[in-house]
file data-v3.pdb (PDB, C-alpha atoms)
ATOM      1  CA  MET O 188      31.514  28.433  45.437  1.00  0.00           C
ATOM      2  CA  THR O 189      34.976  26.999  45.401  1.00  0.00           C
ATOM      3  CA  ARG O 190      37.266  26.928  42.415  1.00  0.00           C
ATOM      4  CA  ARG O 191      37.353  23.163  42.442  1.00  0.00           C
ATOM      5  CA  ALA O 192      33.544  22.856  42.174  1.00  0.00           C
ATOM      6  CA  LEU O 193      33.550  25.405  39.362  1.00  0.00           C
ATOM      7  CA  ARG O 194      36.282  23.470  37.494  1.00  0.00           C
ATOM      8  CA  VAL O 195      34.439  20.141  37.897  1.00  0.00           C
ATOM      9  CA  GLY O 196      31.201  21.693  36.613  1.00  0.00           C
ATOM     10  CA  LEU O 197      32.981  23.253  33.629  1.00  0.00           C
ATOM     11  CA  VAL O 198      34.756  19.990  32.692  1.00  0.00           C
ATOM     12  CA  THR O 199      31.512  18.014  33.025  1.00  0.00           C
ATOM     13  CA  ALA O 200      29.671  20.474  30.788  1.00  0.00           C
ATOM     14  CA  MET O 201      32.430  20.287  28.155  1.00  0.00           C
ATOM     15  CA  LEU O 202      32.403  16.477  28.206  1.00  0.00           C
ATOM     16  CA  CYS O 203      28.652  16.406  27.652  1.00  0.00           C
ATOM     17  CA  LEU O 204      29.035  18.646  24.611  1.00  0.00           C
ATOM     18  CA  LEU O 205      31.596  16.397  22.915  1.00  0.00           C
ATOM     19  CA  PRO O 206      30.240  14.336  19.983  1.00  0.00           C
ATOM     20  CA  GLY O 207      29.470  10.774  21.022  1.00  0.00           C
ATOM     21  CA  ALA O 208      29.572  11.637  24.720  1.00  0.00           C
ATOM     22  CA  GLY O 209      26.555  11.657  26.944  1.00  0.00           C
ATOM     23  CA  SER O 210      24.201   9.170  28.479  1.00  0.00           C
ATOM     24  CA  ALA O 211      23.520   7.097  25.321  1.00  0.00           C
ATOM     25  CA  GLY O 212      25.366   3.794  25.537  1.00  0.00           C
ATOM     26  CA  ALA O 213      25.343   2.777  21.879  1.00  0.00           C
ATOM     27  CA  THR O 214      24.594   4.473  18.616  1.00  0.00           C
ATOM     28  CA  GLU O 215      21.376   3.307  17.018  1.00  0.00           C
ATOM     29  CA  MET O 216      21.873   2.096  13.459  1.00  0.00           C
ATOM     30  CA  LEU O 217      19.530   0.576  10.909  1.00  0.00           C
ATOM     31  CA  SER O 218      20.660  -0.916   7.623  1.00  0.00           C
ATOM     32  CA  LEU O 219      18.591  -2.202   4.728  1.00  0.00           C
ATOM     33  CA  THR O 220      20.279  -5.001   2.783  1.00  0.00           C
ATOM     34  CA  GLY O 221      19.185  -7.384   0.058  1.00  0.00           C
ATOM     35  CA  VAL O 222      16.695  -4.809  -1.188  1.00  0.00           C
ATOM     36  CA  THR O 223      14.684  -6.014  -4.179  1.00  0.00           C
ATOM     37  CA  CYS O 224      11.261  -5.136  -5.528  1.00  0.00           C
ATOM     38  CA  GLY O 225       9.898  -8.120  -3.595  1.00  0.00           C
ATOM     39  CA  GLY O 226      11.423  -7.574  -0.163  1.00  0.00           C
ATOM     40  CA  LEU O 227      14.386  -6.572   1.983  1.00  0.00           C
ATOM     41  CA  THR O 228      16.371  -7.452   5.089  1.00  0.00           C
ATOM     42  CA  VAL O 229      16.399  -5.019   8.016  1.00  0.00           C
ATOM     43  CA  THR O 230      19.304  -5.128  10.497  1.00  0.00           C
ATOM     44  CA  GLY O 231      19.392  -2.868  13.533  1.00  0.00           C
ATOM     45  CA  THR O 232      21.938  -2.329  16.316  1.00  0.00           C
ATOM     46  CA  GLY O 233      22.068  -0.156  19.413  1.00  0.00           C
ATOM     47  CA  LEU O 234      18.360  -0.581  20.086  1.00  0.00           C
ATOM     48  CA  PRO O 235      16.825  -1.227  23.518  1.00  0.00           C
ATOM     49  CA  ALA O 236      17.488  -4.784  24.721  1.00  0.00           C
ATOM     50  CA  ASN O 237      14.627  -7.308  24.652  1.00  0.00           C
ATOM     51  CA  ALA O 238      12.185  -4.668  23.429  1.00  0.00           C
ATOM     52  CA  ARG O 239       9.042  -5.207  21.398  1.00  0.00           C
ATOM     53  CA  LEU O 240       9.242  -2.810  18.478  1.00  0.00           C
ATOM     54  CA  ALA O 241       7.508  -2.319  15.139  1.00  0.00           C
ATOM     55  CA  LEU O 242       9.041  -1.869  11.699  1.00  0.00           C
ATOM     56  CA  ALA O 243       7.058   0.616   9.599  1.00  0.00           C
ATOM     57  CA  VAL O 244       7.701   0.287   5.844  1.00  0.00           C
ATOM     58  CA  SER O 245       6.836   3.247   3.615  1.00  0.00           C
ATOM     59  CA  GLU O 246       7.775   4.622   0.218  1.00  0.00           C
ATOM     60  CA  ARG O 247       9.511   7.675   1.663  1.00  0.00           C
ATOM     61  CA  THR O 248      10.060   8.959   5.163  1.00  0.00           C
ATOM     62  CA  SER O 249       7.020  11.245   4.927  1.00  0.00           C
ATOM     63  CA  SER O 250       4.733   8.770   3.111  1.00  0.00           C
ATOM     64  CA  PRO O 251       1.997   6.689   4.743  1.00  0.00           C
ATOM     65  CA  VAL O 252       3.013   3.306   6.132  1.00  0.00           C
ATOM     66  CA  VAL O 253       2.559   0.485   3.620  1.00  0.00           C
ATOM     67  CA  ARG O 254       3.186  -2.331   6.074  1.00  0.00           C
ATOM     68  CA  SER O 255       3.904  -2.555   9.791  1.00  0.00           C
ATOM     69  CA  VAL O 256       5.710  -5.629  11.151  1.00  0.00           C
ATOM     70  CA  PRO O 257       6.290  -6.467  14.834  1.00  0.00           C
ATOM     71  CA  ALA O 258       9.899  -7.217  15.831  1.00  0.00           C
ATOM     72  CA  THR O 259      11.733  -8.023  19.057  1.00  0.00           C
ATOM     73  CA  THR O 260      15.356  -7.205  19.825  1.00  0.00           C
ATOM     74  CA  ASN O 261      17.700  -9.643  21.542  1.00  0.00           C
ATOM     75  CA  ALA O 262      19.653  -9.098  24.767  1.00  0.00           C
ATOM     76  CA  ALA O 263      22.367  -7.195  22.868  1.00  0.00           C
ATOM     77  CA  GLY O 264      19.810  -4.778  21.389  1.00  0.00           C
ATOM     78  CA  THR O 265      20.077  -6.028  17.798  1.00  0.00           C
ATOM     79  CA  LEU O 266      17.442  -7.266  15.402  1.00  0.00           C
ATOM     80  CA  ARG O 267      17.381  -8.858  11.968  1.00  0.00           C
ATOM     81  CA  VAL O 268      14.144  -9.271  10.036  1.00  0.00           C
ATOM     82  CA  ASN O 269      13.591 -10.532   6.489  1.00  0.00           C
ATOM     83  CA  LEU O 270      10.571  -8.761   5.020  1.00  0.00           C
ATOM     84  CA  ARG O 271       8.646  -9.960   2.001  1.00  0.00           C
ATOM     85  CA  VAL O 272       6.757  -6.907   0.815  1.00  0.00           C
ATOM     86  CA  SER O 273       5.878  -5.679  -2.665  1.00  0.00           C
ATOM     87  CA  LEU O 274       7.737  -2.487  -3.461  1.00  0.00           C
ATOM     88  CA  ALA O 275       6.147  -2.123  -6.918  1.00  0.00           C
ATOM     89  CA  GLY O 276       6.252   1.483  -8.071  1.00  0.00           C
ATOM     90  CA  PHE O 277       8.622   2.547  -5.276  1.00  0.00           C
ATOM     91  CA  GLY O 278      11.567   4.795  -6.111  1.00  0.00           C
ATOM     92  CA  GLU O 279      12.745   4.754  -2.506  1.00  0.00           C
ATOM     93  CA  VAL O 280      11.903   2.553   0.467  1.00  0.00           C
ATOM     94  CA  SER O 281      12.080   3.728   4.075  1.00  0.00           C
ATOM     95  CA  VAL O 282      11.882   1.617   7.233  1.00  0.00           C
ATOM     96  CA  ALA O 283      11.347   3.199  10.647  1.00  0.00           C
ATOM     97  CA  VAL O 284      11.805   1.392  13.960  1.00  0.00           C
ATOM     98  CA  VAL O 285       8.940   2.449  16.188  1.00  0.00           C
ATOM     99  CA  GLY O 286       9.278   1.891  19.920  1.00  0.00           C
ATOM    100  CA  PRO O 287       6.815   1.982  22.775  1.00  0.00           C
ATOM    101  CA  GLY O 288       4.543   4.994  22.721  1.00  0.00           C
ATOM    102  CA  SER O 289       4.884   5.355  18.924  1.00  0.00           C
ATOM    103  CA  ALA O 290       8.300   6.987  19.285  1.00  0.00           C
ATOM    104  CA  THR O 291      10.478   6.623  16.180  1.00  0.00           C
ATOM    105  CA  LEU O 292      13.866   5.325  17.294  1.00  0.00           C
ATOM    106  CA  VAL O 293      15.764   5.157  13.998  1.00  0.00           C
ATOM    107  CA  ILE O 294      15.039   5.354  10.261  1.00  0.00           C
ATOM    108  CA  GLY O 295      16.827   3.660   7.379  1.00  0.00           C
ATOM    109  CA  SER O 296      16.182   4.158   3.682  1.00  0.00           C
ATOM    110  CA  HIS O 297      17.288   2.841   0.314  1.00  0.00           C
ATOM    111  CA  GLN O 298      16.919   4.579  -3.028  1.00  0.00           C
ATOM    112  CA  PHE O 299      16.500   2.459  -6.164  1.00  0.00           C
ATOM    113  CA  ALA O 300      18.475   3.276  -9.305  1.00  0.00           C
ATOM    114  CA  SER O 301      15.160   3.154 -11.157  1.00  0.00           C
ATOM    115  CA  PRO O 302      11.698   2.678  -9.650  1.00  0.00           C
ATOM    116  CA  CYS O 303      10.459  -0.870  -9.228  1.00  0.00           C
ATOM    117  CA  PRO O 304       8.140  -1.815 -12.068  1.00  0.00           C
ATOM    118  CA  ALA O 305       4.438  -1.804 -11.342  1.00  0.00           C
ATOM    119  CA  ALA O 306       2.792  -5.094 -10.499  1.00  0.00           C
ATOM    120  CA  ARG O 307       2.286  -7.280 -13.538  1.00  0.00           C
ATOM    121  CA  THR O 308      -1.306  -7.893 -14.497  1.00  0.00           C
ATOM    122  CA  ALA O 309      -0.499 -10.671 -16.970  1.00  0.00           C
ATOM    123  CA  ASP O 310      -0.713 -13.251 -14.184  1.00  0.00           C
ATOM    124  CA  VAL O 311      -4.205 -12.120 -13.249  1.00  0.00           C
ATOM    125  CA  LEU O 312      -7.042 -14.002 -14.937  1.00  0.00           C
ATOM    126  CA  ALA O 313      -9.454 -12.032 -17.029  1.00  0.00           C
ATOM    127  CA  THR O 314     -12.949 -11.686 -15.654  1.00  0.00           C
ATOM    128  CA  THR O 315     -14.968 -14.660 -16.858  1.00  0.00           C
ATOM    129  CA  GLY O 316     -18.696 -14.757 -16.553  1.00  0.00           C
ATOM    130  CA  VAL O 317     -21.154 -11.987 -15.950  1.00  0.00           C
ATOM    131  CA  THR O 318     -20.708  -9.388 -13.260  1.00  0.00           C
ATOM    132  CA  LEU O 319     -23.654  -7.926 -11.388  1.00  0.00           C
ATOM    133  CA  HIS O 320     -23.355  -4.656 -13.307  1.00  0.00           C
ATOM    134  CA  GLN O 321     -23.359  -6.461 -16.655  1.00  0.00           C
ATOM    135  CA  LEU O 322     -26.356  -8.563 -15.599  1.00  0.00           C
ATOM    136  CA  GLY O 323     -28.333  -5.433 -14.741  1.00  0.00           C
ATOM    137  CA  LEU O 324     -27.562  -3.888 -18.135  1.00  0.00           C
ATOM    138  CA  LEU O 325     -28.522  -7.118 -19.900  1.00  0.00           C
ATOM    139  CA  LEU O 326     -31.879  -7.266 -18.087  1.00  0.00           C
ATOM    140  CA  LEU O 327     -32.554  -3.607 -18.923  1.00  0.00           C
ATOM    141  CA  ALA O 328     -31.813  -4.264 -22.603  1.00  0.00           C
ATOM    142  CA  LEU O 329     -34.158  -7.276 -22.674  1.00  0.00           C
ATOM    143  CA  ALA O 330     -36.932  -5.298 -20.972  1.00  0.00           C
ATOM    144  CA  LEU O 331     -36.595  -2.445 -23.483  1.00  0.00           C
ATOM    145  CA  LEU O 332     -36.614  -4.922 -26.377  1.00  0.00           C
ATOM    146  CA  ALA O 333     -39.819  -6.553 -25.075  1.00  0.00           C
ATOM    147  CA  LEU O 334     -41.422  -3.129 -24.609  1.00  0.00           C
ATOM    148  CA  GLY O 335     -40.523  -2.233 -28.191  1.00  0.00           C
ATOM    149  CA  VAL O 336     -42.087  -5.448 -29.503  1.00  0.00           C
ATOM    150  CA  LEU O 337     -45.303  -4.754 -27.549  1.00  0.00           C
ATOM    151  CA  VAL O 338     -45.524  -1.158 -28.786  1.00  0.00           C
ATOM    152  CA  GLN O 339     -44.928  -2.328 -32.382  1.00  0.00           C
ATOM    153  CA  ALA O 340     -47.614  -5.012 -32.112  1.00  0.00           C
ATOM    154  CA  LYS O 341     -50.235  -2.637 -30.690  1.00  0.00           C
ATOM    155  CA  THR O 342     -49.633   0.224 -33.084  1.00  0.00           C
ATOM    156  CA  ALA O 343     -49.056  -1.719 -36.324  1.00  0.00           C
ATOM    157  CA  TYR O 344     -51.335  -0.937 -39.285  1.00  0.00           C
ATOM    158  CA  ARG O 345     -53.740  -3.815 -39.762  1.00  0.00           C
ATOM    159  CA  GLY O 346     -55.321  -2.667 -43.009  1.00  0.00           C
ATOM    160  CA  THR O 347     -58.995  -2.296 -43.994  1.00  0.00           C
ATOM    161  CA  HIS O 348     -59.482  -5.479 -45.970  1.00  0.00           C
ATOM    162  CA  THR O 349     -62.918  -6.988 -45.929  1.00  0.00           C
ATOM    163  CA  ARG O 350     -63.730 -10.432 -47.140  1.00  0.00           C
ATOM    164  CA  GLY O 351     -65.197 -10.801 -50.563  1.00  0.00           C
ATOM    165  CA  THR O 352     -64.615  -7.326 -51.944  1.00  0.00           C
ATOM    166  CA  HIS O 353     -62.104  -8.380 -54.589  1.00  0.00           C
ATOM    167  CA  PRO O 354     -63.470  -9.649 -57.872  1.00  0.00           C
ATOM    168  CA  ARG O 355     -62.816 -13.281 -58.590  1.00  0.00           C
ATOM    169  CA  PRO O 356     -61.822 -14.433 -62.029  1.00  0.00           C
TER     170      PRO O 356
END
call {"tool": "encode", "arguments": {"input": "data-v3.pdb", "output": "structure tokens"}}
result
Amino acid sequence: MTRRALRVGLVTAMLCLLPGAGSAGATEMLSLTGVTCGGLTVTGTGLPANARLALAVSERTSSPVVRSVPATTNAAGTLRVNLRVSLAGFGEVSVAVVGPGSATLVIGSHQFASPCPAARTADVLATTGVTLHQLGLLLLALALLALGVLVQAKTAYRGTHTRGTHPRP
């Protein structure tokens, strides 16, 4: 092996080890902006051009996915998606960009100063009317009441009065 080939191989190896060097053209980045308890905006750069991806929203990186949204990058490899999703009870939200073959390309997260309040139940109407469970209990109560009346009627003391045994004045 010649010295020149050895030098070229050594320089190439050193260049590949430098930070930021290598075959990747652009650094993948994902930012979460406008984060509220009702939604967020996801902006990504350095992603594959014209690719169909999915955005997986979860409470933390290791938590189950709460919502998955399809997204497509443009020719420059960027995407911008406004998501309306309830983050009630979340202390941290994490969005992962999932590429073809379920490969996670990049993850972005945002931590709230205090967890989002739980969903309000004041806007939900109270149950009006009878549910099936309540109807069953009501029918059981009526049946037991009727049974009690029948048992009382059959076992009541009728007395031993006979006609004409009392003296008349």
call {"tool": "atom_distance", "arguments": {"input": "data-v3.pdb", "atom1": "CA of Gly295 (chain O)", "atom2": "CA of Pro235 (chain O)"}}
result
16.9 Å
call {"tool": "closest_residue", "arguments": {"input": "data-v3.pdb", "among": "O:Leu337, O:Leu274, O:Leu331, O:Val317", "to": "Cys303 (chain O)", "atoms": "all atoms listed in the file"}}
result
O:Leu274
call {"tool": "atom_distance", "arguments": {"input": "data-v3.pdb", "atom1": "CA of Thr228 (chain O)", "atom2": "CA of Glu246 (chain O)"}}
result
15.6 Å
call {"tool": "residues_near_point", "arguments": {"input": "data-v3.pdb", "point": "(15.5, 5.3, -5.6)", "cutoff": "6 Å", "atoms": "only C-alpha atoms", "output": "ChimeraX atom specification"}}
result
/O:278-279,298-301
call {"tool": "atom_distance", "arguments": {"input": "data-v3.pdb", "atom1": "CA of Ala330 (chain O)", "atom2": "CA of Gly346 (chain O)"}}
result
28.8 Å
call {"tool": "resolve_selection", "arguments": {"input": "data-v3.pdb", "expression": "the PyMOL selection byres ((chain O and resi 253-259) around 8)", "output": "number ranges by chain"}}
result
O: 237-246, 251-252, 260-261, 266, 268, 272
call {"tool": "residues_around", "arguments": {"input": "data-v3.pdb", "residues": "Leu234 (chain O)", "least_positions_apart": "4", "cutoff": "7 Å", "atoms": "only C-alpha atoms", "output": "mmCIF file with C-alpha atoms, keeping the file's coordinate frame"}}
result
data_model
loop_
_atom_site.group_PDB
_atom_site.id
_atom_site.type_symbol
_atom_site.label_atom_id
_atom_site.label_comp_id
_atom_site.auth_asym_id
_atom_site.auth_seq_id
_atom_site.Cartn_x
_atom_site.Cartn_y
_atom_site.Cartn_z
ATOM 1 C CA GLU O 215 21.376 3.307 17.018
ATOM 2 C CA GLY O 264 19.810 -4.778 21.389
ATOM 3 C CA THR O 265 20.077 -6.028 17.798
#
call {"tool": "resolve_selection", "arguments": {"input": "data-v3.pdb", "expression": "the PyMOL selection byres ((chain O and resi 219) around 9)", "output": "number ranges by chain"}}
result
O: 217-218, 220-222, 227-231, 281-282, 295-297
call {"tool": "closest_residue", "arguments": {"input": "data-v3.pdb", "among": "O:Val293, O:Ala262, O:Ala305, O:Val285", "to": "Met216 (chain O)", "atoms": "all atoms listed in the file"}}
result
O:Val293
call {"tool": "resolve_selection", "arguments": {"input": "data-v3.pdb", "expression": "the PyMOL selection byres ((chain O and resi 304) around 8)", "output": "list in words"}}
result
Cys224, Ala275, Gly276, Pro302, Cys303, Ala305 and Ala306 of chain O
